[in-house]
$ cat input16.cif   # mmCIF, C-alpha atoms
data_upload
#
loop_
_atom_site.group_PDB
_atom_site.id
_atom_site.type_symbol
_atom_site.label_atom_id
_atom_site.label_comp_id
_atom_site.auth_asym_id
_atom_site.auth_seq_id
_atom_site.Cartn_x
_atom_site.Cartn_y
_atom_site.Cartn_z
ATOM 1 C CA MET A 1221 -10.517 13.428 -7.161
ATOM 2 C CA LYS A 1222 -8.073 13.742 -10.044
ATOM 3 C CA LYS A 1223 -8.000 17.519 -9.522
ATOM 4 C CA ILE A 1224 -6.949 16.997 -5.921
ATOM 5 C CA TYR A 1225 -4.188 14.590 -7.000
ATOM 6 C CA PHE A 1226 -3.004 17.131 -9.569
ATOM 7 C CA ILE A 1227 -2.915 19.898 -6.955
ATOM 8 C CA LEU A 1228 -0.938 17.586 -4.649
ATOM 9 C CA CYS A 1229 1.517 16.900 -7.492
ATOM 10 C CA VAL A 1230 2.079 20.634 -7.913
ATOM 11 C CA LEU A 1231 2.463 21.180 -4.169
ATOM 12 C CA GLY A 1232 4.673 18.099 -3.913
ATOM 13 C CA THR A 1233 7.048 19.706 -6.383
ATOM 14 C CA ILE A 1234 6.930 23.337 -5.274
ATOM 15 C CA LEU A 1235 7.129 22.953 -1.490
ATOM 16 C CA PRO A 1236 10.195 20.695 -1.253
ATOM 17 C CA TYR A 1237 12.087 22.764 -3.821
ATOM 18 C CA TYR A 1238 11.140 25.980 -2.014
ATOM 19 C CA TYR A 1239 12.885 24.721 1.111
ATOM 20 C CA LEU A 1240 15.808 23.325 -0.854
ATOM 21 C CA ILE A 1241 16.352 26.702 -2.528
ATOM 22 C CA ASP A 1242 15.991 28.408 0.863
ATOM 23 C CA PHE A 1243 18.647 26.089 2.330
ATOM 24 C CA LEU A 1244 21.000 26.577 -0.622
ATOM 25 C CA SER A 1245 20.618 30.363 -0.672
ATOM 26 C CA SER A 1246 21.503 30.568 3.005
ATOM 27 C CA ASN A 1247 24.582 28.335 2.485
ATOM 28 C CA ASN A 1248 26.179 30.072 -0.500
ATOM 29 C CA TRP A 1249 24.529 27.572 -2.866
ATOM 30 C CA GLU A 1250 26.466 24.636 -1.396
ATOM 31 C CA MET A 1251 25.089 21.377 -0.013
ATOM 32 C CA ASN A 1252 27.465 21.360 2.974
ATOM 33 C CA GLY A 1253 25.619 20.120 6.022
ATOM 34 C CA PHE A 1254 22.434 19.154 4.175
ATOM 35 C CA TRP A 1255 22.451 15.426 5.005
ATOM 36 C CA ASN A 1256 23.820 16.062 8.464
ATOM 37 C CA ASP A 1257 20.912 18.415 9.204
ATOM 38 C CA ILE A 1258 18.368 15.904 7.881
ATOM 39 C CA PHE A 1259 19.563 12.800 9.679
ATOM 40 C CA PHE A 1260 21.253 14.233 12.754
ATOM 41 C CA GLY A 1261 19.826 17.747 13.146
ATOM 42 C CA THR A 1262 17.075 17.151 15.688
ATOM 43 C CA SER A 1263 15.096 14.089 16.671
ATOM 44 C CA PRO A 1264 11.819 15.320 15.112
ATOM 45 C CA VAL A 1265 13.536 16.060 11.789
ATOM 46 C CA SER A 1266 15.264 12.676 11.851
ATOM 47 C CA MET A 1267 11.949 10.983 12.629
ATOM 48 C CA ILE A 1268 10.262 12.615 9.630
ATOM 49 C CA ALA A 1269 13.236 11.792 7.387
ATOM 50 C CA MET A 1270 13.132 8.131 8.418
ATOM 51 C CA ASP A 1271 9.352 8.001 8.012
ATOM 52 C CA LEU A 1272 9.601 9.351 4.468
ATOM 53 C CA THR A 1273 12.537 7.083 3.661
ATOM 54 C CA VAL A 1274 10.548 3.998 4.628
ATOM 55 C CA ALA A 1275 7.425 5.229 2.808
ATOM 56 C CA ALA A 1276 9.361 6.042 -0.374
ATOM 57 C CA THR A 1277 11.207 2.715 -0.260
ATOM 58 C CA THR A 1278 7.915 0.863 0.196
ATOM 59 C CA PHE A 1279 6.455 2.739 -2.768
ATOM 60 C CA LEU A 1280 9.526 1.887 -4.859
ATOM 61 C CA PHE A 1281 9.122 -1.834 -4.116
ATOM 62 C CA TYR A 1282 5.418 -1.560 -4.904
ATOM 63 C CA LEU A 1283 6.226 0.054 -8.258
ATOM 64 C CA LEU A 1284 8.719 -2.688 -9.063
ATOM 65 C CA TYR A 1285 6.090 -5.306 -8.223
ATOM 66 C CA GLN A 1286 3.507 -3.543 -10.394
ATOM 67 C CA ALA A 1287 5.969 -3.327 -13.280
ATOM 68 C CA LYS A 1288 6.767 -7.026 -13.078
ATOM 69 C CA TYR A 1289 3.287 -8.464 -12.616
ATOM 70 C CA ASN A 1290 0.958 -5.828 -14.094
ATOM 71 C CA ASN A 1291 3.135 -4.297 -16.828
ATOM 72 C CA LEU A 1292 2.953 -0.828 -15.312
ATOM 73 C CA LYS A 1293 5.314 1.679 -16.877
ATOM 74 C CA ILE A 1294 7.204 2.986 -13.854
ATOM 75 C CA LEU A 1295 10.050 5.096 -15.253
ATOM 76 C CA LYS A 1296 8.339 8.454 -14.681
ATOM 77 C CA TYR A 1297 7.439 7.539 -11.085
ATOM 78 C CA ILE A 1298 10.992 6.455 -10.329
ATOM 79 C CA LEU A 1299 12.381 9.645 -11.883
ATOM 80 C CA CYS A 1300 9.942 11.717 -9.830
ATOM 81 C CA LEU A 1301 10.851 9.771 -6.699
ATOM 82 C CA PHE A 1302 14.578 10.379 -7.075
ATOM 83 C CA PHE A 1303 14.595 13.893 -8.586
ATOM 84 C CA VAL A 1304 11.758 15.474 -6.598
ATOM 85 C CA GLY A 1305 10.595 13.040 -3.955
ATOM 86 C CA PHE A 1306 7.809 10.902 -2.611
ATOM 87 C CA SER A 1307 5.696 14.075 -2.411
ATOM 88 C CA LEU A 1308 5.416 14.093 -6.219
ATOM 89 C CA ALA A 1309 5.789 10.422 -7.143
ATOM 90 C CA PHE A 1310 2.919 9.115 -5.030
ATOM 91 C CA PRO A 1311 0.279 11.734 -5.976
ATOM 92 C CA LEU A 1312 1.303 11.349 -9.637
ATOM 93 C CA TYR A 1313 0.824 7.598 -9.404
ATOM 94 C CA LEU A 1314 -2.614 8.115 -7.822
ATOM 95 C CA TYR A 1315 -3.482 10.673 -10.503
ATOM 96 C CA ASP A 1316 -2.495 8.308 -13.307
ATOM 97 C CA THR A 1317 -4.215 5.235 -11.885
ATOM 98 C CA HIS A 1318 -7.389 6.863 -10.552
ATOM 99 C CA GLN A 1319 -10.515 5.478 -12.145
ATOM 100 C CA ASN A 1320 -13.580 7.697 -12.148
ATOM 101 C CA LYS A 1321 -16.720 6.025 -10.887
ATOM 102 C CA SER A 1322 -19.859 7.036 -12.697
#
$ encode --input "input16.cif" --output "structure tokens"
Amino acid sequence: MKKIYFILCVLGTILPYYYLIDFLSSNNWEMNGFWNDIFFGTSPVSMIAMDLTVAATTFLFYLLYQAKYNNLKILKYILCLFFVGFSLAFPLYLYDTHQNKS
């Protein structure tokens, strides 16, 4: 299972940045219109953006809870969440906390 989580971490980093680089290269490497396209572009895109926003926020609160009550070190997950996204932070958390069953 850990191999699958690791593969998801890699994909969770590569795929979002691929589309970010694609967006930037088609806009002269400027962020103009980025947030407008995400939140107001089309209804399906806005739906996915809101879904991921709620999921990432829920995960952030969960991490804060785990840090307070279970002494989990959460800095790397928070950095991943804000610098890459939920697509890396969550699989990395699962990778780190997965316990093999023998």
$ closest_residue --input "input16.cif" --among "A:Ala1287, A:Ile1224, A:Met1270, A:Leu1240" --to "Val1304 in chain A" --atoms "all atoms listed in the file"
A:Leu1240
$ atom_distance --input "input16.cif" --atom1 "CA of Tyr1225 in chain A" --atom2 "CA of Ile1241 in chain A"
24.3 Å
$ atom_distance --input "input16.cif" --atom1 "CA of Ile1298 in chain A" --atom2 "CA of Lys1222 in chain A"
20.4 Å
$ axis_aligned_box --input "input16.cif" --around "range 1243-1255 of chain A" --padding-each-side "5 Å" --output "JSON"
{"center_x": 23.1, "center_y": 23.0, "center_z": 1.6, "size_x": 18.8, "size_y": 25.1, "size_z": 18.9}
$ closest_residue --input "input16.cif" --among "A:Ser1307, A:Ser1263, A:Thr1233, A:Asn1320" --to "Ala1275 in chain A" --atoms "all atoms listed in the file"
A:Ser1307
$ atom_distance --input "input16.cif" --atom1 "CA of Ile1227 in chain A" --atom2 "CA of Leu1292 in chain A"
23.1 Å
$ residues_around --input "input16.cif" --residues "Ile1294 in chain A" --least-positions-apart "2" --cutoff "12 Å" --atoms "all atoms listed in the file" --output "ChimeraX atom specification"
/A:1279-1288,1290-1292,1296-1301,1309-1310,1312-1313,1316-1317
$ closest_residue --input "input16.cif" --among "A:Trp1255, A:Gly1305, A:Ser1266, A:Tyr1315" --to "Leu1235 in chain A" --atoms "all atoms listed in the file"
A:Gly1305
$ residues_around --input "input16.cif" --residues "range 1237-1239 of chain A" --least-positions-apart "5" --cutoff "12 Å" --atoms "only C-alpha atoms" --output "MDAnalysis selection string"
chainID A and resid 1230:1232 1244:1246 1254 1303:1305 1307:1308
$ write_last_selection --input "input16.cif" --atoms "C-alpha atoms" --output "PDB file, keeping the file's coordinate frame"
ATOM      1  CA  VAL A1230       2.079  20.634  -7.913  1.00  0.00           C
ATOM      2  CA  LEU A1231       2.463  21.180  -4.169  1.00  0.00           C
ATOM      3  CA  GLY A1232       4.673  18.099  -3.913  1.00  0.00           C
ATOM      4  CA  LEU A1244      21.000  26.577  -0.622  1.00  0.00           C
ATOM      5  CA  SER A1245      20.618  30.363  -0.672  1.00  0.00           C
ATOM      6  CA  SER A1246      21.503  30.568   3.005  1.00  0.00           C
ATOM      7  CA  PHE A1254      22.434  19.154   4.175  1.00  0.00           C
ATOM      8  CA  PHE A1303      14.595  13.893  -8.586  1.00  0.00           C
ATOM      9  CA  VAL A1304      11.758  15.474  -6.598  1.00  0.00           C
ATOM     10  CA  GLY A1305      10.595  13.040  -3.955  1.00  0.00           C
ATOM     11  CA  SER A1307       5.696  14.075  -2.411  1.00  0.00           C
ATOM     12  CA  LEU A1308       5.416  14.093  -6.219  1.00  0.00           C
TER      13      LEU A1308
END
$ decode --input "input16.cif" --residues "range 1270-1283 of chain A" --atoms "N, CA and C atoms" --output "PDB file, in the first residue's frame"
ATOM      1  N   MET A1270     -14.342  24.230  -5.216  1.00  0.00           N
ATOM      2  CA  MET A1270     -14.978  24.301  -3.898  1.00  0.00           C
ATOM      3  C   MET A1270     -14.864  22.971  -3.169  1.00  0.00           C
ATOM      4  N   ASP A1271     -15.020  21.873  -3.881  1.00  0.00           N
ATOM      5  CA  ASP A1271     -14.882  20.545  -3.302  1.00  0.00           C
ATOM      6  C   ASP A1271     -13.484  20.369  -2.709  1.00  0.00           C
ATOM      7  N   LEU A1272     -12.469  20.733  -3.483  1.00  0.00           N
ATOM      8  CA  LEU A1272     -11.094  20.604  -2.998  1.00  0.00           C
ATOM      9  C   LEU A1272     -10.784  21.586  -1.875  1.00  0.00           C
ATOM     10  N   THR A1273     -11.381  22.758  -1.918  1.00  0.00           N
ATOM     11  CA  THR A1273     -11.177  23.733  -0.847  1.00  0.00           C
ATOM     12  C   THR A1273     -11.722  23.201   0.473  1.00  0.00           C
ATOM     13  N   VAL A1274     -12.912  22.626   0.435  1.00  0.00           N
ATOM     14  CA  VAL A1274     -13.488  22.068   1.661  1.00  0.00           C
ATOM     15  C   VAL A1274     -12.676  20.857   2.134  1.00  0.00           C
ATOM     16  N   ALA A1275     -12.281  19.990   1.219  1.00  0.00           N
ATOM     17  CA  ALA A1275     -11.496  18.810   1.596  1.00  0.00           C
ATOM     18  C   ALA A1275     -10.148  19.212   2.192  1.00  0.00           C
ATOM     19  N   ALA A1276      -9.470  20.164   1.584  1.00  0.00           N
ATOM     20  CA  ALA A1276      -8.169  20.607   2.092  1.00  0.00           C
ATOM     21  C   ALA A1276      -8.308  21.306   3.439  1.00  0.00           C
ATOM     22  N   THR A1277      -9.363  22.091   3.604  1.00  0.00           N
ATOM     23  CA  THR A1277      -9.599  22.768   4.881  1.00  0.00           C
ATOM     24  C   THR A1277      -9.908  21.749   5.977  1.00  0.00           C
ATOM     25  N   THR A1278     -10.699  20.747   5.652  1.00  0.00           N
ATOM     26  CA  THR A1278     -10.994  19.679   6.609  1.00  0.00           C
ATOM     27  C   THR A1278      -9.717  18.960   7.014  1.00  0.00           C
ATOM     28  N   PHE A1279      -8.874  18.665   6.041  1.00  0.00           N
ATOM     29  CA  PHE A1279      -7.599  17.996   6.327  1.00  0.00           C
ATOM     30  C   PHE A1279      -6.710  18.877   7.196  1.00  0.00           C
ATOM     31  N   LEU A1280      -6.698  20.177   6.945  1.00  0.00           N
ATOM     32  CA  LEU A1280      -5.908  21.100   7.753  1.00  0.00           C
ATOM     33  C   LEU A1280      -6.380  21.084   9.210  1.00  0.00           C
ATOM     34  N   PHE A1281      -7.679  21.148   9.427  1.00  0.00           N
ATOM     35  CA  PHE A1281      -8.201  21.070  10.803  1.00  0.00           C
ATOM     36  C   PHE A1281      -7.871  19.731  11.453  1.00  0.00           C
ATOM     37  N   TYR A1282      -7.946  18.661  10.681  1.00  0.00           N
ATOM     38  CA  TYR A1282      -7.582  17.345  11.195  1.00  0.00           C
ATOM     39  C   TYR A1282      -6.111  17.307  11.611  1.00  0.00           C
ATOM     40  N   LEU A1283      -5.244  17.881  10.785  1.00  0.00           N
ATOM     41  CA  LEU A1283      -3.821  17.939  11.137  1.00  0.00           C
ATOM     42  C   LEU A1283      -3.599  18.737  12.412  1.00  0.00           C
TER      43      LEU A1283
END
